[in-house]
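File shown here: target36.cif, holding mmCIF, C-alpha atoms.
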data_my_file
loop_
_atom_site.label_atom_id
_atom_site.label_comp_id
_atom_site.auth_asym_id
_atom_site.auth_seq_id
_atom_site.Cartn_x
_atom_site.Cartn_y
_atom_site.Cartn_z
CA MET A 281 50.87 84.55 2.61
CA ARG A 282 50.02 88.17 1.85
CA VAL A 283 51.09 89.63 -1.50
CA SER A 284 51.14 93.35 -2.22
CA VAL A 285 52.17 95.16 -5.40
CA LEU A 286 53.95 98.45 -5.97
CA LEU A 287 53.09 99.48 -9.51
CA SER A 288 56.03 101.90 -9.68
CA PRO A 289 58.84 102.30 -7.14
CA SER A 290 58.92 106.10 -7.44
CA ASP A 291 60.92 107.37 -4.44
CA GLN A 292 59.64 104.72 -2.03
CA VAL A 293 61.87 102.33 -0.12
CA VAL A 294 60.55 98.79 0.23
CA ASP A 295 61.43 96.79 3.33
CA GLY A 296 59.99 93.61 4.76
CA PRO A 297 60.92 89.97 4.38
CA CYS A 298 60.75 89.53 0.60
CA ALA A 299 60.66 91.80 -2.45
CA VAL A 300 60.14 90.48 -5.98
CA ILE A 301 61.45 92.91 -8.59
CA ILE A 302 60.08 93.02 -12.14
CA ASP A 303 61.36 94.83 -15.22
CA VAL A 304 60.14 92.68 -18.11
CA LEU A 305 61.61 95.01 -20.78
CA ARG A 306 64.34 94.27 -20.14
CA ALA A 307 66.45 94.35 -16.98
CA THR A 308 65.16 91.40 -14.96
CA SER A 309 64.73 89.27 -18.08
CA THR A 310 68.31 90.03 -19.09
CA LEU A 311 69.83 89.60 -15.63
CA THR A 312 68.10 86.26 -15.20
CA VAL A 313 69.89 85.12 -18.35
CA ALA A 314 73.19 86.56 -17.08
CA LEU A 315 72.94 84.77 -13.74
CA ALA A 316 71.85 81.53 -15.38
CA ASN A 317 74.98 81.83 -17.54
CA GLY A 318 77.27 82.05 -14.54
CA ALA A 319 77.53 85.73 -13.60
CA ARG A 320 78.60 85.96 -9.93
CA GLY A 321 76.06 88.63 -9.08
CA VAL A 322 74.56 92.03 -9.82
CA ILE A 323 75.28 95.35 -8.15
CA PRO A 324 72.52 97.80 -9.13
CA THR A 325 73.59 101.43 -9.41
CA ARG A 326 71.62 104.60 -9.75
CA THR A 327 73.78 106.17 -12.49
CA PRO A 328 76.21 105.06 -15.20
CA PRO A 329 79.17 106.84 -13.57
CA GLU A 330 78.62 104.72 -10.45
CA ALA A 331 78.78 101.56 -12.56
CA LEU A 332 81.96 102.73 -14.27
CA ALA A 333 83.53 103.56 -10.90
CA LEU A 334 82.75 100.05 -9.62
CA ARG A 335 84.36 98.53 -12.70
CA GLN A 336 87.48 100.58 -12.09
CA ALA A 337 87.59 99.61 -8.42
CA ARG A 338 86.90 95.89 -8.94
CA ARG A 339 88.82 93.98 -11.58
CA ASP A 340 86.17 91.25 -11.77
CA THR A 341 83.36 93.68 -12.62
CA LEU A 342 81.68 94.64 -15.89
CA ALA A 343 79.78 97.91 -16.37
CA CYS A 344 76.39 97.07 -17.86
CA GLY A 345 73.00 98.55 -18.67
CA GLU A 346 71.41 101.29 -20.71
CA ARG A 347 69.95 104.72 -20.83
CA ASP A 348 66.73 105.22 -22.81
CA GLY A 349 67.11 101.73 -24.24
CA ARG A 350 70.61 102.14 -25.65
CA MET A 351 73.92 100.87 -24.32
CA VAL A 352 75.87 103.53 -22.42
CA HIS A 353 79.11 104.78 -23.98
CA GLY A 354 82.02 103.08 -22.25
CA PHE A 355 79.97 100.17 -20.89
CA ASP A 356 80.92 96.55 -21.52
CA LEU A 357 77.37 95.32 -22.11
CA GLY A 358 73.97 96.83 -22.76
CA ASN A 359 70.56 95.46 -21.80
CA SER A 360 69.91 92.71 -24.34
CA PRO A 361 69.64 89.16 -23.00
CA PHE A 362 71.61 87.95 -26.01
CA GLU A 363 74.70 89.88 -24.93
CA TYR A 364 75.04 88.03 -21.62
CA THR A 365 76.59 84.80 -22.80
CA GLY A 366 78.60 82.52 -20.55
CA GLU A 367 81.76 83.58 -22.35
CA ARG A 368 81.14 87.22 -21.45
CA VAL A 369 79.77 87.02 -17.92
CA ALA A 370 80.74 83.75 -16.20
CA GLY A 371 82.48 84.52 -12.92
CA ARG A 372 82.00 88.28 -13.27
CA MET A 373 80.12 90.79 -11.16
CA LEU A 374 77.78 93.08 -13.10
CA ALA A 375 77.58 96.74 -12.09
CA PHE A 376 74.19 97.44 -13.62
CA ALA A 377 72.70 100.86 -14.34
CA SER A 378 69.44 101.01 -16.28
CA THR A 379 66.76 103.60 -16.76
CA ASN A 380 64.17 101.77 -14.65
CA GLY A 381 65.22 98.32 -13.47
CA SER A 382 68.24 99.18 -11.36
CA LEU A 383 66.20 101.85 -9.55
CA ALA A 384 63.57 99.24 -8.63
CA MET A 385 66.31 96.99 -7.27
CA LEU A 386 67.64 99.86 -5.18
CA ALA A 387 64.15 100.72 -3.95
CA ALA A 388 63.97 97.22 -2.45
CA ARG A 389 67.42 97.36 -0.86
CA ARG A 390 66.05 97.06 2.71
CA ALA A 391 64.13 93.87 2.00
CA ARG A 392 65.61 90.71 3.50
CA ARG A 393 65.30 88.93 0.14
CA ARG A 394 65.29 90.49 -3.32
CA VAL A 395 64.19 88.11 -6.08
CA LEU A 396 64.45 89.00 -9.77
CA ALA A 397 61.35 88.10 -11.77
CA ALA A 398 60.05 88.30 -15.32
CA PHE A 399 57.71 86.31 -17.52
CA VAL A 400 60.65 84.12 -18.58
CA ASN A 401 61.08 82.66 -15.08
CA ALA A 402 57.70 83.27 -13.45
CA ARG A 403 57.16 79.64 -12.42
CA ALA A 404 60.61 79.42 -10.84
CA VAL A 405 60.02 82.66 -8.92
CA VAL A 406 56.77 81.34 -7.44
CA GLU A 407 58.57 78.19 -6.30
CA ARG A 408 61.36 80.28 -4.78
CA VAL A 409 59.08 82.46 -2.65
CA ARG A 410 56.12 80.17 -1.96
CA ASN A 411 57.00 79.75 1.71
CA GLU A 412 57.23 83.47 2.51
CA ARG A 413 54.52 84.96 4.71
CA GLU A 414 54.68 88.44 3.16
CA ILE A 415 55.80 89.49 -0.32
CA THR A 416 55.99 92.87 -2.00
CA ILE A 417 56.18 92.79 -5.79
CA VAL A 418 57.99 95.88 -7.09
CA CYS A 419 57.29 96.88 -10.70
CA ALA A 420 60.05 98.95 -12.27
CA GLY A 421 57.56 100.87 -14.39
CA LYS A 422 58.76 103.38 -16.94
CA LEU A 423 60.25 106.72 -15.96
CA GLY A 424 58.49 106.62 -12.61
CA GLY A 425 55.11 105.73 -14.04
CA PHE A 426 52.89 102.73 -14.75
CA CYS A 427 54.06 100.07 -17.19
CA LEU A 428 51.62 97.47 -18.52
CA GLU A 429 53.96 94.52 -18.98
CA ASP A 430 55.44 94.84 -15.48
CA ALA A 431 52.01 95.10 -13.86
CA ALA A 432 50.72 92.13 -15.85
CA CYS A 433 53.73 90.04 -14.83
CA ALA A 434 53.08 91.01 -11.20
CA GLY A 435 49.48 89.96 -11.69
CA LEU A 436 50.54 86.58 -13.03
CA LEU A 437 52.66 86.02 -9.93
CA VAL A 438 49.76 87.08 -7.70
CA ALA A 439 47.41 84.66 -9.46
CA ARG A 440 49.84 81.76 -9.19
CA LEU A 441 50.56 82.49 -5.54
CA GLU A 442 46.83 82.72 -4.82
CA ALA A 443 46.52 79.20 -6.24
CA LEU A 444 48.90 78.17 -3.45
CA GLY A 445 46.80 79.89 -0.78
CA ALA A 446 48.15 83.45 -0.86
CA VAL A 447 45.93 86.52 -0.42
CA ALA A 448 46.12 89.69 -2.55
CA ALA A 449 46.78 92.25 0.18
CA ASP A 450 46.02 95.55 -1.55
CA ASP A 451 44.13 97.14 -4.44
CA ALA A 452 47.26 97.23 -6.61
CA ALA A 453 47.66 93.44 -6.30
CA ARG A 454 44.03 92.87 -7.23
CA PHE A 455 44.33 95.30 -10.15
CA ALA A 456 47.51 93.61 -11.40
CA ARG A 457 45.90 90.17 -11.14
CA ALA A 458 43.14 91.32 -13.50
CA LEU A 459 45.82 92.14 -16.11
CA ALA A 460 47.55 88.76 -15.93
CA PRO A 461 47.76 86.86 -19.23
CA GLU A 462 46.40 83.33 -19.21
CA ASP A 463 48.98 81.59 -21.37
CA GLN A 464 51.96 82.00 -23.68
CA ASP A 465 49.91 83.51 -26.51
CA GLY A 466 48.38 86.06 -24.17
CA THR A 467 51.78 86.91 -22.72
CA ARG A 468 53.32 87.47 -26.13
CA ALA A 469 50.42 89.63 -27.31
CA LEU A 470 50.56 91.74 -24.15
CA VAL A 471 54.33 92.28 -24.13
CA GLU A 472 54.78 92.88 -27.85
CA GLY A 473 51.74 95.15 -27.97
CA SER A 474 52.79 97.33 -25.04
CA ALA A 475 53.77 100.98 -25.35
CA HIS A 476 57.26 100.18 -24.09
CA ALA A 477 57.69 97.56 -26.81
CA ARG A 478 56.65 100.05 -29.46
CA ASP A 479 59.21 102.53 -28.12
CA LEU A 480 61.96 99.92 -28.34
CA LEU A 481 60.98 98.86 -31.85
CA SER A 482 61.10 102.47 -32.98
CA MET A 483 64.84 102.42 -32.23
CA GLY A 484 65.55 99.65 -34.73
CA ASP A 485 64.76 96.11 -35.83
CA ALA A 486 67.48 94.68 -33.58
CA TYR A 487 65.13 95.09 -30.62
CA ALA A 488 62.54 92.69 -32.06
CA ARG A 489 64.55 89.65 -30.97
CA ASP A 490 64.79 90.99 -27.42
CA LEU A 491 61.05 91.55 -27.31
CA ALA A 492 60.31 88.03 -28.52
CA PHE A 493 62.61 86.61 -25.85
CA CYS A 494 61.16 88.72 -23.02
CA ALA A 495 57.65 87.66 -24.06
CA GLY A 496 58.48 84.02 -23.43
CA LEU A 497 56.62 82.43 -20.52
CA ASP A 498 58.41 80.05 -18.13
CA THR A 499 61.32 79.49 -20.49
CA ILE A 500 63.96 79.61 -17.71
CA ASP A 501 63.58 77.27 -14.76
CA ARG A 502 65.70 79.24 -12.28
CA ALA A 503 65.16 82.29 -10.08
CA PHE A 504 67.88 84.41 -8.55
CA GLU A 505 68.24 86.74 -5.58
CA LEU A 506 70.33 89.83 -4.97
CA GLY A 507 72.37 89.57 -1.80
CA PRO A 508 73.41 92.45 0.46
CA SER A 509 76.44 93.17 -1.71
CA GLY A 510 74.64 92.44 -4.96
CA ALA A 511 75.69 88.79 -5.06
CA ALA A 512 73.14 86.29 -6.30
CA PRO A 513 73.24 83.08 -4.24
#
So, in terms of structure tokens, how does the structure I just supplied come out?
Amino acid sequence: MRVSVLLSPSDQVVDGPCAVIIDVLRATSTLTVALANGARGVIPTRTPPEALALRQARRDTLACGERDGRMVHGFDLGNSPFEYTGERVAGRMLAFASTNGSLAMLAARRARRRVLAAFVNARAVVERVRNEREITIVCAGKLGGFCLEDAACAGLLVARLEALGAVAADDAARFARALAPEDQDGTRALVEGSAHARDLLSMGDAYARDLAFCAGLDTIDRAFELGPSGAAP
């Protein structure tokens, strides 16, 4: 297995057999919760109007996500994992527009498999992709640039896959691996001390609970994929 890392999707399009998409704060952490709670699938969109149009066209669809960390006016749900309860999302499709995460999902749209990953389900992601021969890990980053928590999560996946015989295929993968936290304490310190976390906390104390959740390591034992239409089998 060869594992490469894209530290920010920018305007690139990722193809190949398998893409693993990471947006620790908070899209892939939140959507993992949503799918574990019975959401039918996720349709990433580039803009909020696209998400609202999908909701109007599909009666089973909720418009979800954020802009600059805050829920979009007119949306059903924002980007906090605590909003995506079974009562709210079970059986529903999620039209999801976020500042960074949905763009990373769209950047990987040509990949045969698109797996959502975060610290919360890192072990399950490794189990899900361990038989692939080539993997590209796509970090959502922040506003087109580098983001520490996403790169460190990518590095953790690289390290765990290397333990199963994988090879870090590029400099970005080797760099990310050097950032990987060793345990739960290291993960929490890294996530909660990141610049992105400080930005979220500056918007109010309500974000502290989200940060604590997203800093959890291997707390969810499931990993989910986006299908061609956004469905998550």
Item to check | Selection dump of the PyMOL selection byres ((chain A and resi 399) around 10), as a ChimeraX atom specification | outcome: /A:302-304,308-309,397-398,400-403,405,429-430,432-434,436-437,464,467-468,471,493-500
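Taking atom CA of A:Arg457 as the reference point, atom CA of A:Ser284 is found at 10.8 Å.
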Next on the checklist: Using only C-alpha atoms - which residues lie no farther than 10 Å from the point (74.7, 99.7, -18.1) in the file's frame? Write them as a PyMOL selection string.
Outcome noted: chain A and resi 307+324-325+327-332+342-347+349-359+374-379+382
Please save C-alpha atoms of the selected residues as a tab-separated table (two decimals), in the coordinates of the input.
chain	number	residue	atom	x	y	z
A	307	ALA	CA	66.45	94.35	-16.98
A	324	PRO	CA	72.52	97.80	-9.13
A	325	THR	CA	73.59	101.43	-9.41
A	327	THR	CA	73.78	106.17	-12.49
A	328	PRO	CA	76.21	105.06	-15.20
A	329	PRO	CA	79.17	106.84	-13.57
A	330	GLU	CA	78.62	104.72	-10.45
A	331	ALA	CA	78.78	101.56	-12.56
A	332	LEU	CA	81.96	102.73	-14.27
A	342	LEU	CA	81.68	94.64	-15.89
A	343	ALA	CA	79.78	97.91	-16.37
A	344	CYS	CA	76.39	97.07	-17.86
A	345	GLY	CA	73.00	98.55	-18.67
A	346	GLU	CA	71.41	101.29	-20.71
A	347	ARG	CA	69.95	104.72	-20.83
A	349	GLY	CA	67.11	101.73	-24.24
A	350	ARG	CA	70.61	102.14	-25.65
A	351	MET	CA	73.92	100.87	-24.32
A	352	VAL	CA	75.87	103.53	-22.42
A	353	HIS	CA	79.11	104.78	-23.98
A	354	GLY	CA	82.02	103.08	-22.25
A	355	PHE	CA	79.97	100.17	-20.89
A	356	ASP	CA	80.92	96.55	-21.52
A	357	LEU	CA	77.37	95.32	-22.11
A	358	GLY	CA	73.97	96.83	-22.76
A	359	ASN	CA	70.56	95.46	-21.80
A	374	LEU	CA	77.78	93.08	-13.10
A	375	ALA	CA	77.58	96.74	-12.09
A	376	PHE	CA	74.19	97.44	-13.62
A	377	ALA	CA	72.70	100.86	-14.34
A	378	SER	CA	69.44	101.01	-16.28
A	379	THR	CA	66.76	103.60	-16.76
A	382	SER	CA	68.24	99.18	-11.36
Next on the checklist: Using the chain letters and numbers from this file, what does the PyMOL selection byres ((chain A and resi 394) around 6) select? Give the answer as a list of chain:residue names.
Outcome noted: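 Those residues are A:Ala299, A:Val300, A:Arg393, A:Val395, A:Glu505, A:Leu506.
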Checklist entry - Of the candidates A:Ala388, A:Ala460, A:Leu491, A:Ile323, which shows the shortest atom-to-atom distance to A:Gly296, using only C-alpha atoms? => result A:Ala388
Next on the checklist: Could you tell me, as number ranges by chain, exactly which residues end up selected when the PyMOL selection byres ((chain A and resi 320) around 10) is applied to this structure?
Outcome noted: A: 314-319, 321-322, 340-341, 369-374, 510-513
Item to check | Residues near A:Arg282, cut-off 8 Å, all atoms listed in the file, skip fewer than 5 positions along chain, as an NGL selection string | outcome: :A and (413-415 or 446-449)
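Residue nearest A:Ala488 within the list A:Ser290, A:Ser360, A:Thr365, A:Asn411: A:Ser360 [criterion: smallest interatomic distance, all atoms listed in the file].
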Item to check | Shell of 10 Å around A:Leu480, only C-alpha atoms, local chain residues under 2 positions omitted, as a list in words | outcome: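 So the residues in contact are Leu305, Asp348, Gly349, Arg350, Ala475, His476, Ala477, Arg478, Ser482, Met483, Gly484, Asp485, Ala486, Tyr487, Ala488, Asp490 and Leu491 of chain A.
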Item to check | Shortest interatomic distance to A:Ala391 - which of A:Ala404, A:Leu428, A:Leu481, A:Ile417, counting all atoms listed in the file | outcome: A:Ile417
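One distance worth recording is that between atom CA of A:Thr416 and atom CA of A:Leu386, which is 14.0 Å.
Coordinates place atom CA of A:Arg408 at a distance of 23.5 Å from atom CA of A:Gly366.
If all atoms listed in the file are the atoms counted, then among A:Glu412, A:Glu407, A:Glu363, A:Glu462 the closest residue to A:Pro297 is A:Glu412.
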Item to check | Option closest in space to A:Arg326, from A:Cys298, A:Ala384, A:Val313, A:Val293 [counting all atoms listed in the file] | outcome: A:Ala384
Item to check | Polymer residues at most 9 Å from A:Asp450, only C-alpha atoms, same-chain spacing of 4 or more positions, as number ranges by chain | outcome: A: 283-285, 454-455
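Closest approach to A:Ala431 among A:Leu444, A:Ala458, A:Leu334, A:Ala387: A:Ala458, based on only C-alpha atoms.
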